[in-house]
Amino acid sequence: MGPLHQATRTVPIVFMLIPDPVGAGFVENLARPGGNLTGFAVFEYGFGTKYVELLKEIAPRVTRVAVLRDSATTSGTGQFAAIQALAPSFGLEVIPLNVRDGGEIERAVTSFARSSNGGLIVTGSGLAAVNRELIVALAARYKLPAVYYQRFFVTDGGLISYGPNTIDPYRRAASYVDRILKGEKPADLPVQEPTRVVLAINLKTAKALGLDVPPTLLARADEVIE
């Protein structure tokens with residue numbers, strides 16, 4: 001997205017799945033983008049608070065939570081701030097794990113897991129997606145209940161995820177393209193945040209961790225893997 005933005009400041013561009021359009025400098029603000037770009041963000045910072053709530057709901061004995069994040073990703077910083085603000089009210093101590101590659105991920109999670117009653121929150125980043133098999137394996141090895149930002153972690157064996165439907169923005173983008181072709185300016189079309197969110201739970205992983213998933217949580221799940 002960055003090179004395309006640098007290449008033109010006049011041709012209208014509708015983007016999809018950008019983590020933090022304001023932090024990345026693509027738009028002035030979400031309500032009025034102000035340039036030739038608009039589109040659909042993949043995260044909103046409020047997701048961080050949901051991660052905390054879900055972790056305590058599925059694993060109430062957790063008292064320490066490691067937040068795995070790529071500090072170079074602006075959306076990760078915002079989500080961490082939301083987690084940090086809410087966690088004390090749930091009796092959680094928050095430990096940030098700032099990582100840049102697979103080696104750092106393994107060392108950081110291994111070090112954190114040396115103490116008991118730990119849980120893990122994985123915030124959105126390309127780094128986490130690329131290393132998802134490693135992260136899921138580490139959570140299983142150290143028996144860490146973990147909340148992830150996308151369902152593909154759960155289909156790969158992770159415990160629970162809460163994140164946006166990544167197909168929906170492409171459908172919604174068609175209306176923006178149509179409006180721009182009819183004369184509206186990207187600068188006047190607000191950047192939209194996710195409207196459809198998917199909650200996925202892996203019951204096999206919950207059993208391996210010795211967790212009983214509350215029926216009320218199962219009832220809210222969009223996808224349950226058995």
# chains A, B, ... in the order shown; residues from 1 in each chain; ligands from 1
$ residues_around --residues "segment 199-208 of chain A" --least-positions-apart "6" --cutoff "8 Å" --atoms "only C-alpha atoms" --output "PyMOL selection string"
chain A and resi 151+154-155+157-163+218+220-226
$ write_last_selection --atoms "N, CA, C and O atoms" --output "JSON list (two decimals), in the first residue's frame"
[["chain", "number", "residue", "atom", "x", "y", "z"],
["A", 151, "ARG", "N", -9.29, -16.32, 12.95],
["A", 151, "ARG", "CA", -9.74, -17.70, 13.07],
["A", 151, "ARG", "C", -8.74, -18.71, 12.54],
["A", 151, "ARG", "O", -8.76, -19.89, 12.95],
["A", 154, "VAL", "N", -7.09, -20.70, 15.11],
["A", 154, "VAL", "CA", -7.92, -21.72, 15.73],
["A", 154, "VAL", "C", -8.01, -22.97, 14.85],
["A", 154, "VAL", "O", -7.97, -24.09, 15.33],
["A", 155, "THR", "N", -8.14, -22.77, 13.55],
["A", 155, "THR", "CA", -8.17, -23.92, 12.66],
["A", 155, "THR", "C", -6.82, -24.64, 12.64],
["A", 155, "THR", "O", -6.75, -25.83, 12.31],
["A", 157, "GLY", "N", -5.15, -25.10, 15.40],
["A", 157, "GLY", "CA", -4.99, -25.70, 16.72],
["A", 157, "GLY", "C", -5.00, -24.73, 17.88],
["A", 157, "GLY", "O", -4.83, -25.15, 19.04],
["A", 158, "GLY", "N", -5.17, -23.44, 17.62],
["A", 158, "GLY", "CA", -5.25, -22.46, 18.70],
["A", 158, "GLY", "C", -6.56, -22.57, 19.45],
["A", 158, "GLY", "O", -7.52, -23.18, 18.97],
["A", 159, "LEU", "N", -6.62, -21.95, 20.63],
["A", 159, "LEU", "CA", -7.78, -22.10, 21.51],
["A", 159, "LEU", "C", -9.00, -21.30, 21.06],
["A", 159, "LEU", "O", -10.08, -21.85, 20.84],
["A", 160, "ILE", "N", -8.85, -19.98, 20.96],
["A", 160, "ILE", "CA", -10.00, -19.12, 20.69],
["A", 160, "ILE", "C", -9.55, -17.88, 19.92],
["A", 160, "ILE", "O", -8.43, -17.39, 20.11],
["A", 161, "SER", "N", -10.40, -17.41, 19.04],
["A", 161, "SER", "CA", -10.07, -16.20, 18.28],
["A", 161, "SER", "C", -11.28, -15.30, 18.18],
["A", 161, "SER", "O", -12.43, -15.74, 18.25],
["A", 162, "TYR", "N", -10.98, -14.01, 18.04],
["A", 162, "TYR", "CA", -12.02, -13.00, 17.86],
["A", 162, "TYR", "C", -11.46, -11.98, 16.87],
["A", 162, "TYR", "O", -10.48, -11.29, 17.15],
["A", 163, "GLY", "N", -12.06, -11.95, 15.69],
["A", 163, "GLY", "CA", -11.51, -11.05, 14.69],
["A", 163, "GLY", "C", -12.46, -10.83, 13.53],
["A", 163, "GLY", "O", -13.50, -11.49, 13.41],
["A", 218, "LEU", "N", -19.95, -20.86, 24.28],
["A", 218, "LEU", "CA", -20.20, -21.70, 23.12],
["A", 218, "LEU", "C", -21.40, -21.22, 22.30],
["A", 218, "LEU", "O", -21.39, -21.25, 21.07],
["A", 220, "ARG", "N", -22.37, -18.26, 21.86],
["A", 220, "ARG", "CA", -22.05, -17.05, 21.11],
["A", 220, "ARG", "C", -21.10, -17.29, 19.95],
["A", 220, "ARG", "O", -20.92, -16.43, 19.10],
["A", 221, "ALA", "N", -20.47, -18.45, 19.92],
["A", 221, "ALA", "CA", -19.44, -18.74, 18.91],
["A", 221, "ALA", "C", -20.04, -18.86, 17.52],
["A", 221, "ALA", "O", -21.11, -19.44, 17.32],
["A", 222, "ASP", "N", -19.33, -18.31, 16.55],
["A", 222, "ASP", "CA", -19.73, -18.45, 15.15],
["A", 222, "ASP", "C", -19.21, -19.76, 14.57],
["A", 222, "ASP", "O", -19.77, -20.29, 13.61],
["A", 223, "GLU", "N", -18.12, -20.28, 15.14],
["A", 223, "GLU", "CA", -17.53, -21.52, 14.65],
["A", 223, "GLU", "C", -16.94, -22.29, 15.84],
["A", 223, "GLU", "O", -16.21, -21.73, 16.65],
["A", 224, "VAL", "N", -17.30, -23.56, 15.93],
["A", 224, "VAL", "CA", -16.77, -24.43, 16.99],
["A", 224, "VAL", "C", -16.10, -25.62, 16.32],
["A", 224, "VAL", "O", -16.73, -26.34, 15.56],
["A", 225, "ILE", "N", -14.83, -25.82, 16.62],
["A", 225, "ILE", "CA", -14.06, -26.93, 16.06],
["A", 225, "ILE", "C", -13.95, -28.02, 17.12],
["A", 225, "ILE", "O", -13.48, -27.77, 18.22],
["A", 226, "GLU", "N", -14.38, -29.22, 16.77],
["A", 226, "GLU", "CA", -14.40, -30.33, 17.73],
["A", 226, "GLU", "C", -13.36, -31.39, 17.39],
["A", 226, "GLU", "O", -12.96, -31.50, 16.25]]
$ residues_around --residues "segment 16-27 of chain A" --least-positions-apart "5" --cutoff "7 Å" --atoms "only C-alpha atoms" --output "PyMOL selection string"
chain A and resi 33-35+37+39-43+74-75+169-170
$ atom_distance --atom1 "atom CA of Gly118 of chain A" --atom2 "atom CA of Pro164 of chain A"
25.8 Å
$ residues_around --residues "segment 129-141 of chain A" --least-positions-apart "3" --cutoff "12 Å" --atoms "only C-alpha atoms" --output "CSV table (one decimal) with N, CA, C and O atoms, in the first residue's frame"
chain,number,residue,atom,x,y,z
A,66,ALA,N,0.6,-12.5,28.7
A,66,ALA,CA,1.6,-12.0,27.8
A,66,ALA,C,0.9,-11.5,26.5
A,66,ALA,O,0.1,-12.2,26.0
A,68,LEU,N,1.6,-10.7,22.8
A,68,LEU,CA,2.6,-10.9,21.8
A,68,LEU,C,2.3,-9.9,20.7
A,68,LEU,O,1.2,-9.9,20.1
A,69,ARG,N,3.2,-9.0,20.4
A,69,ARG,CA,3.0,-7.9,19.4
A,69,ARG,C,4.2,-7.5,18.7
A,69,ARG,O,5.3,-7.6,19.2
A,70,ASP,N,4.0,-7.1,17.5
A,70,ASP,CA,5.1,-6.5,16.7
A,70,ASP,C,5.0,-5.0,16.9
A,70,ASP,O,4.1,-4.3,16.4
A,99,VAL,N,8.3,-8.5,19.7
A,99,VAL,CA,9.1,-9.4,18.9
A,99,VAL,C,9.2,-9.0,17.5
A,99,VAL,O,8.4,-8.2,17.0
A,100,ARG,N,10.3,-9.5,16.9
A,100,ARG,CA,10.6,-9.1,15.5
A,100,ARG,C,10.8,-10.3,14.5
A,100,ARG,O,10.8,-10.1,13.3
A,101,ASP,N,10.9,-11.5,15.1
A,101,ASP,CA,11.1,-12.7,14.3
A,101,ASP,C,10.7,-13.9,15.1
A,101,ASP,O,10.4,-13.9,16.3
A,102,GLY,N,10.8,-15.1,14.4
A,102,GLY,CA,10.4,-16.3,15.0
A,102,GLY,C,11.3,-16.7,16.2
A,102,GLY,O,10.8,-17.2,17.2
A,103,GLY,N,12.6,-16.4,16.1
A,103,GLY,CA,13.5,-16.7,17.3
A,103,GLY,C,13.1,-15.9,18.5
A,103,GLY,O,13.1,-16.4,19.6
A,104,GLU,N,12.8,-14.6,18.3
A,104,GLU,CA,12.4,-13.8,19.5
A,104,GLU,C,11.0,-14.3,20.0
A,104,GLU,O,10.8,-14.2,21.2
A,105,ILE,N,10.1,-14.7,19.2
A,105,ILE,CA,8.8,-15.2,19.6
A,105,ILE,C,9.1,-16.4,20.6
A,105,ILE,O,8.5,-16.5,21.7
A,106,GLU,N,9.9,-17.4,20.1
A,106,GLU,CA,10.1,-18.6,20.9
A,106,GLU,C,10.8,-18.2,22.2
A,106,GLU,O,10.4,-18.8,23.3
A,107,ARG,N,11.8,-17.4,22.2
A,107,ARG,CA,12.5,-17.0,23.5
A,107,ARG,C,11.6,-16.3,24.4
A,107,ARG,O,11.6,-16.6,25.6
A,108,ALA,N,10.8,-15.4,23.9
A,108,ALA,CA,9.9,-14.6,24.8
A,108,ALA,C,8.8,-15.4,25.4
A,108,ALA,O,8.6,-15.3,26.6
A,109,VAL,N,8.2,-16.3,24.6
A,109,VAL,CA,7.1,-17.1,25.2
A,109,VAL,C,7.7,-18.1,26.2
A,109,VAL,O,7.1,-18.4,27.2
A,110,THR,N,8.8,-18.7,25.8
A,110,THR,CA,9.4,-19.7,26.7
A,110,THR,C,9.8,-19.0,28.1
A,110,THR,O,9.5,-19.6,29.1
A,111,SER,N,10.3,-17.8,28.0
A,111,SER,CA,10.7,-17.1,29.3
A,111,SER,C,9.4,-16.8,30.1
A,111,SER,O,9.4,-17.0,31.3
A,112,PHE,N,8.4,-16.3,29.4
A,112,PHE,CA,7.1,-16.0,30.1
A,112,PHE,C,6.5,-17.2,30.8
A,112,PHE,O,6.0,-17.2,31.9
A,113,ALA,N,6.6,-18.4,30.1
A,113,ALA,CA,5.9,-19.6,30.6
A,113,ALA,C,6.6,-20.2,31.8
A,113,ALA,O,6.1,-21.2,32.4
A,114,ARG,N,7.7,-19.7,32.2
A,114,ARG,CA,8.4,-20.3,33.4
A,114,ARG,C,7.6,-20.0,34.7
A,114,ARG,O,7.8,-20.7,35.7
A,118,GLY,N,-0.3,-18.4,33.6
A,118,GLY,CA,-0.2,-17.5,32.4
A,118,GLY,C,-1.1,-17.7,31.3
A,118,GLY,O,-1.6,-18.9,31.1
A,119,GLY,N,-1.4,-16.7,30.5
A,119,GLY,CA,-2.2,-16.8,29.3
A,119,GLY,C,-1.5,-15.9,28.3
A,119,GLY,O,-0.6,-15.2,28.5
A,120,LEU,N,-2.1,-16.0,27.1
A,120,LEU,CA,-1.4,-15.3,25.9
A,120,LEU,C,-2.5,-14.6,25.1
A,120,LEU,O,-3.5,-15.2,24.8
A,121,ILE,N,-2.2,-13.4,24.7
A,121,ILE,CA,-3.0,-12.7,23.7
A,121,ILE,C,-2.1,-12.3,22.5
A,121,ILE,O,-1.0,-11.8,22.7
A,122,VAL,N,-2.5,-12.7,21.3
A,122,VAL,CA,-1.7,-12.5,20.1
A,122,VAL,C,-2.5,-11.4,19.3
A,122,VAL,O,-3.6,-11.6,18.8
A,123,THR,N,-1.9,-10.2,19.2
A,123,THR,CA,-2.5,-9.1,18.5
A,123,THR,C,-2.1,-9.2,17.0
A,123,THR,O,-1.1,-9.9,16.6
A,124,GLY,N,-2.9,-8.5,16.2
A,124,GLY,CA,-2.7,-8.6,14.7
A,124,GLY,C,-1.4,-8.0,14.2
A,124,GLY,O,-1.1,-6.9,14.5
A,125,SER,N,-0.8,-8.9,13.3
A,125,SER,CA,0.4,-8.4,12.6
A,125,SER,C,0.8,-9.4,11.6
A,125,SER,O,0.4,-10.6,11.7
A,126,GLY,N,1.5,-9.0,10.5
A,126,GLY,CA,2.0,-9.9,9.5
A,126,GLY,C,2.9,-10.9,10.2
A,126,GLY,O,3.0,-12.1,9.8
A,144,LEU,N,-0.6,-22.7,27.6
A,144,LEU,CA,-1.0,-21.4,27.8
A,144,LEU,C,-2.3,-21.1,27.1
A,144,LEU,O,-2.4,-21.2,25.8
A,145,PRO,N,-3.4,-20.9,27.8
A,145,PRO,CA,-4.7,-20.5,27.1
A,145,PRO,C,-4.4,-19.2,26.3
A,145,PRO,O,-3.8,-18.2,26.8
A,146,ALA,N,-4.8,-19.2,25.0
A,146,ALA,CA,-4.4,-18.1,24.2
A,146,ALA,C,-5.6,-17.6,23.3
A,146,ALA,O,-6.4,-18.4,22.9
A,147,VAL,N,-5.7,-16.3,23.2
A,147,VAL,CA,-6.7,-15.6,22.4
A,147,VAL,C,-6.0,-15.0,21.2
A,147,VAL,O,-5.0,-14.3,21.3
A,148,TYR,N,-6.5,-15.3,20.0
A,148,TYR,CA,-5.9,-14.9,18.8
A,148,TYR,C,-6.8,-13.9,18.0
A,148,TYR,O,-8.0,-13.9,18.2
A,149,TYR,N,-6.2,-13.1,17.1
A,149,TYR,CA,-6.9,-12.1,16.4
A,149,TYR,C,-7.6,-12.6,15.1
A,149,TYR,O,-8.4,-11.8,14.5
A,150,GLN,N,-7.3,-13.8,14.7
A,150,GLN,CA,-8.0,-14.4,13.5
A,150,GLN,C,-8.2,-15.9,13.6
A,150,GLN,O,-7.5,-16.6,14.3
A,151,ARG,N,-9.3,-16.3,12.9
A,151,ARG,CA,-9.7,-17.7,13.1
A,151,ARG,C,-8.7,-18.7,12.5
A,151,ARG,O,-8.8,-19.9,12.9
A,152,PHE,N,-7.8,-18.3,11.6
A,152,PHE,CA,-6.9,-19.3,11.1
A,152,PHE,C,-6.0,-19.9,12.1
A,152,PHE,O,-5.4,-21.0,12.0
A,153,PHE,N,-5.8,-19.1,13.2
A,153,PHE,CA,-5.0,-19.7,14.4
A,153,PHE,C,-5.8,-20.8,15.0
A,153,PHE,O,-5.2,-21.8,15.4
A,154,VAL,N,-7.1,-20.7,15.1
A,154,VAL,CA,-7.9,-21.7,15.7
A,154,VAL,C,-8.0,-23.0,14.8
A,154,VAL,O,-8.0,-24.1,15.3
A,155,THR,N,-8.1,-22.8,13.6
A,155,THR,CA,-8.2,-23.9,12.7
A,155,THR,C,-6.8,-24.6,12.6
A,155,THR,O,-6.8,-25.8,12.3
A,156,ASP,N,-5.8,-23.9,13.0
A,156,ASP,CA,-4.4,-24.6,13.1
A,156,ASP,C,-4.2,-25.1,14.5
A,156,ASP,O,-3.0,-25.6,14.8
A,157,GLY,N,-5.2,-25.1,15.4
A,157,GLY,CA,-5.0,-25.7,16.7
A,157,GLY,C,-5.0,-24.7,17.9
A,157,GLY,O,-4.8,-25.1,19.0
A,158,GLY,N,-5.2,-23.4,17.6
A,158,GLY,CA,-5.2,-22.5,18.7
A,158,GLY,C,-6.6,-22.6,19.5
A,158,GLY,O,-7.5,-23.2,19.0
A,159,LEU,N,-6.6,-22.0,20.6
A,159,LEU,CA,-7.8,-22.1,21.5
A,159,LEU,C,-9.0,-21.3,21.1
A,159,LEU,O,-10.1,-21.8,20.8
A,160,ILE,N,-8.8,-20.0,21.0
A,160,ILE,CA,-10.0,-19.1,20.7
A,160,ILE,C,-9.6,-17.9,19.9
A,160,ILE,O,-8.4,-17.4,20.1
A,161,SER,N,-10.4,-17.4,19.0
A,161,SER,CA,-10.1,-16.2,18.3
A,161,SER,C,-11.3,-15.3,18.2
A,161,SER,O,-12.4,-15.7,18.2
A,202,ASN,N,-11.8,-23.8,19.6
A,202,ASN,CA,-11.4,-25.1,19.3
A,202,ASN,C,-11.5,-26.0,20.6
A,202,ASN,O,-10.8,-25.8,21.6
A,204,LYS,N,-11.2,-29.2,21.0
A,204,LYS,CA,-10.1,-30.2,21.2
A,204,LYS,C,-9.0,-29.5,22.0
A,204,LYS,O,-8.4,-30.1,22.9
A,205,THR,N,-8.6,-28.3,21.7
A,205,THR,CA,-7.5,-27.6,22.3
A,205,THR,C,-7.9,-27.2,23.8
A,205,THR,O,-7.1,-27.4,24.7
A,206,ALA,N,-9.2,-26.8,24.0
A,206,ALA,CA,-9.7,-26.6,25.3
A,206,ALA,C,-9.5,-27.8,26.2
A,206,ALA,O,-9.1,-27.7,27.4
A,207,LYS,N,-9.9,-29.0,25.7
A,207,LYS,CA,-9.8,-30.2,26.4
A,207,LYS,C,-8.4,-30.5,26.8
A,207,LYS,O,-8.0,-30.9,27.9
A,208,ALA,N,-7.4,-30.3,25.8
A,208,ALA,CA,-6.0,-30.6,26.1
A,208,ALA,C,-5.5,-29.6,27.2
A,208,ALA,O,-4.5,-30.0,27.9
A,209,LEU,N,-6.1,-28.4,27.3
A,209,LEU,CA,-5.6,-27.5,28.3
A,209,LEU,C,-6.4,-27.7,29.6
A,209,LEU,O,-6.1,-27.0,30.6
A,210,GLY,N,-7.3,-28.6,29.7
A,210,GLY,CA,-8.1,-28.8,30.9
A,210,GLY,C,-9.1,-27.8,31.2
A,210,GLY,O,-9.5,-27.5,32.3
$ atom_distance --atom1 "atom CA of Phe47 of chain A" --atom2 "atom CA of Gln79 of chain A"
6.9 Å
$ select_by_dssp --residues "segment 61-205 of chain A" --states "strand (DSSP E)" --output "ChimeraX atom specification"
/A:64-69,93-98,118-122,146-148,160-164,197-202
$ atom_distance --atom1 "atom CA of Arg171 of chain A" --atom2 "atom CA of Gly46 of chain A"
23.3 Å
$ closest_residue --among "A:Ile13, A:Leu189, A:Ile83, A:Ala219" --to "Tyr51 of chain A" --atoms "only C-alpha atoms"
A:Ile83
$ closest_residue --among "A:Phe80, A:Phe15, A:Tyr176, A:Phe90" --to "Glu57 of chain A" --atoms "only C-alpha atoms"
A:Phe90
$ closest_residue --among "A:Ala174, A:Val14, A:Val191, A:Val52" --to "Pro88 of chain A" --atoms "only C-alpha atoms"
A:Val52
$ residues_around --residues "Arg179 of chain A" --least-positions-apart "4" --cutoff "12 Å" --atoms "only C-alpha atoms" --output "ChimeraX atom specification"
/A:12,14,38,172-175,183-186,188-189
$ write_last_selection --atoms "N, CA, C and O atoms" --output "PDB file, in the first residue's frame"
ATOM      1  N   PRO A  12      -7.942   7.994  -7.471  1.00  0.00           N
ATOM      2  CA  PRO A  12      -8.671   7.437  -6.320  1.00  0.00           C
ATOM      3  C   PRO A  12      -8.253   5.997  -6.026  1.00  0.00           C
ATOM      4  O   PRO A  12      -8.094   5.184  -6.940  1.00  0.00           O
ATOM      5  N   VAL A  14      -9.197   2.727  -3.321  1.00  0.00           N
ATOM      6  CA  VAL A  14     -10.005   2.125  -2.264  1.00  0.00           C
ATOM      7  C   VAL A  14      -9.211   0.937  -1.713  1.00  0.00           C
ATOM      8  O   VAL A  14      -8.940  -0.020  -2.442  1.00  0.00           O
ATOM      9  N   THR A  38      -9.388   5.998   0.503  1.00  0.00           N
ATOM     10  CA  THR A  38     -10.357   5.617   1.525  1.00  0.00           C
ATOM     11  C   THR A  38     -10.525   4.111   1.450  1.00  0.00           C
ATOM     12  O   THR A  38      -9.932   3.464   0.579  1.00  0.00           O
ATOM     13  N   ARG A 172     -18.124  -4.932   0.473  1.00  0.00           N
ATOM     14  CA  ARG A 172     -18.529  -3.562   0.776  1.00  0.00           C
ATOM     15  C   ARG A 172     -17.777  -2.549  -0.072  1.00  0.00           C
ATOM     16  O   ARG A 172     -18.280  -1.450  -0.353  1.00  0.00           O
ATOM     17  N   ALA A 173     -16.559  -2.901  -0.487  1.00  0.00           N
ATOM     18  CA  ALA A 173     -15.752  -1.971  -1.283  1.00  0.00           C
ATOM     19  C   ALA A 173     -16.401  -1.657  -2.629  1.00  0.00           C
ATOM     20  O   ALA A 173     -16.194  -0.574  -3.194  1.00  0.00           O
ATOM     21  N   ALA A 174     -17.196  -2.584  -3.141  1.00  0.00           N
ATOM     22  CA  ALA A 174     -17.831  -2.366  -4.441  1.00  0.00           C
ATOM     23  C   ALA A 174     -18.701  -1.117  -4.428  1.00  0.00           C
ATOM     24  O   ALA A 174     -18.757  -0.367  -5.430  1.00  0.00           O
ATOM     25  N   SER A 175     -19.367  -0.854  -3.287  1.00  0.00           N
ATOM     26  CA  SER A 175     -20.225   0.337  -3.217  1.00  0.00           C
ATOM     27  C   SER A 175     -19.393   1.604  -3.251  1.00  0.00           C
ATOM     28  O   SER A 175     -19.811   2.621  -3.847  1.00  0.00           O
ATOM     29  N   GLY A 183     -18.743  10.106  -9.200  1.00  0.00           N
ATOM     30  CA  GLY A 183     -18.342  11.481  -8.938  1.00  0.00           C
ATOM     31  C   GLY A 183     -17.971  11.848  -7.520  1.00  0.00           C
ATOM     32  O   GLY A 183     -17.461  12.943  -7.272  1.00  0.00           O
ATOM     33  N   GLU A 184     -18.233  10.979  -6.543  1.00  0.00           N
ATOM     34  CA  GLU A 184     -17.848  11.306  -5.175  1.00  0.00           C
ATOM     35  C   GLU A 184     -16.336  11.189  -4.999  1.00  0.00           C
ATOM     36  O   GLU A 184     -15.655  10.460  -5.730  1.00  0.00           O
ATOM     37  N   LYS A 185     -15.805  11.913  -4.015  1.00  0.00           N
ATOM     38  CA  LYS A 185     -14.365  11.927  -3.775  1.00  0.00           C
ATOM     39  C   LYS A 185     -14.000  11.026  -2.592  1.00  0.00           C
ATOM     40  O   LYS A 185     -14.704  11.008  -1.569  1.00  0.00           O
ATOM     41  N   PRO A 186     -12.874  10.297  -2.706  1.00  0.00           N
ATOM     42  CA  PRO A 186     -12.425   9.479  -1.577  1.00  0.00           C
ATOM     43  C   PRO A 186     -12.275  10.286  -0.294  1.00  0.00           C
ATOM     44  O   PRO A 186     -12.524   9.770   0.803  1.00  0.00           O
ATOM     45  N   ASP A 188     -14.103  12.365   0.949  1.00  0.00           N
ATOM     46  CA  ASP A 188     -15.370  12.562   1.653  1.00  0.00           C
ATOM     47  C   ASP A 188     -16.029  11.252   2.096  1.00  0.00           C
ATOM     48  O   ASP A 188     -17.088  11.276   2.732  1.00  0.00           O
ATOM     49  N   LEU A 189     -15.413  10.122   1.762  1.00  0.00           N
ATOM     50  CA  LEU A 189     -15.979   8.824   2.122  1.00  0.00           C
ATOM     51  C   LEU A 189     -15.234   8.272   3.331  1.00  0.00           C
ATOM     52  O   LEU A 189     -14.042   7.987   3.245  1.00  0.00           O
TER      53      LEU A 189
END
$ residues_around --residues "Thr63 of chain A" --least-positions-apart "5" --cutoff "9 Å" --atoms "only C-alpha atoms" --output "list of chain:residue names"
A:Lys56, A:Phe90, A:Gly91, A:Leu92, A:Glu93, A:Val94, A:Ser116, A:Asn117, A:Gly118, A:Gly119
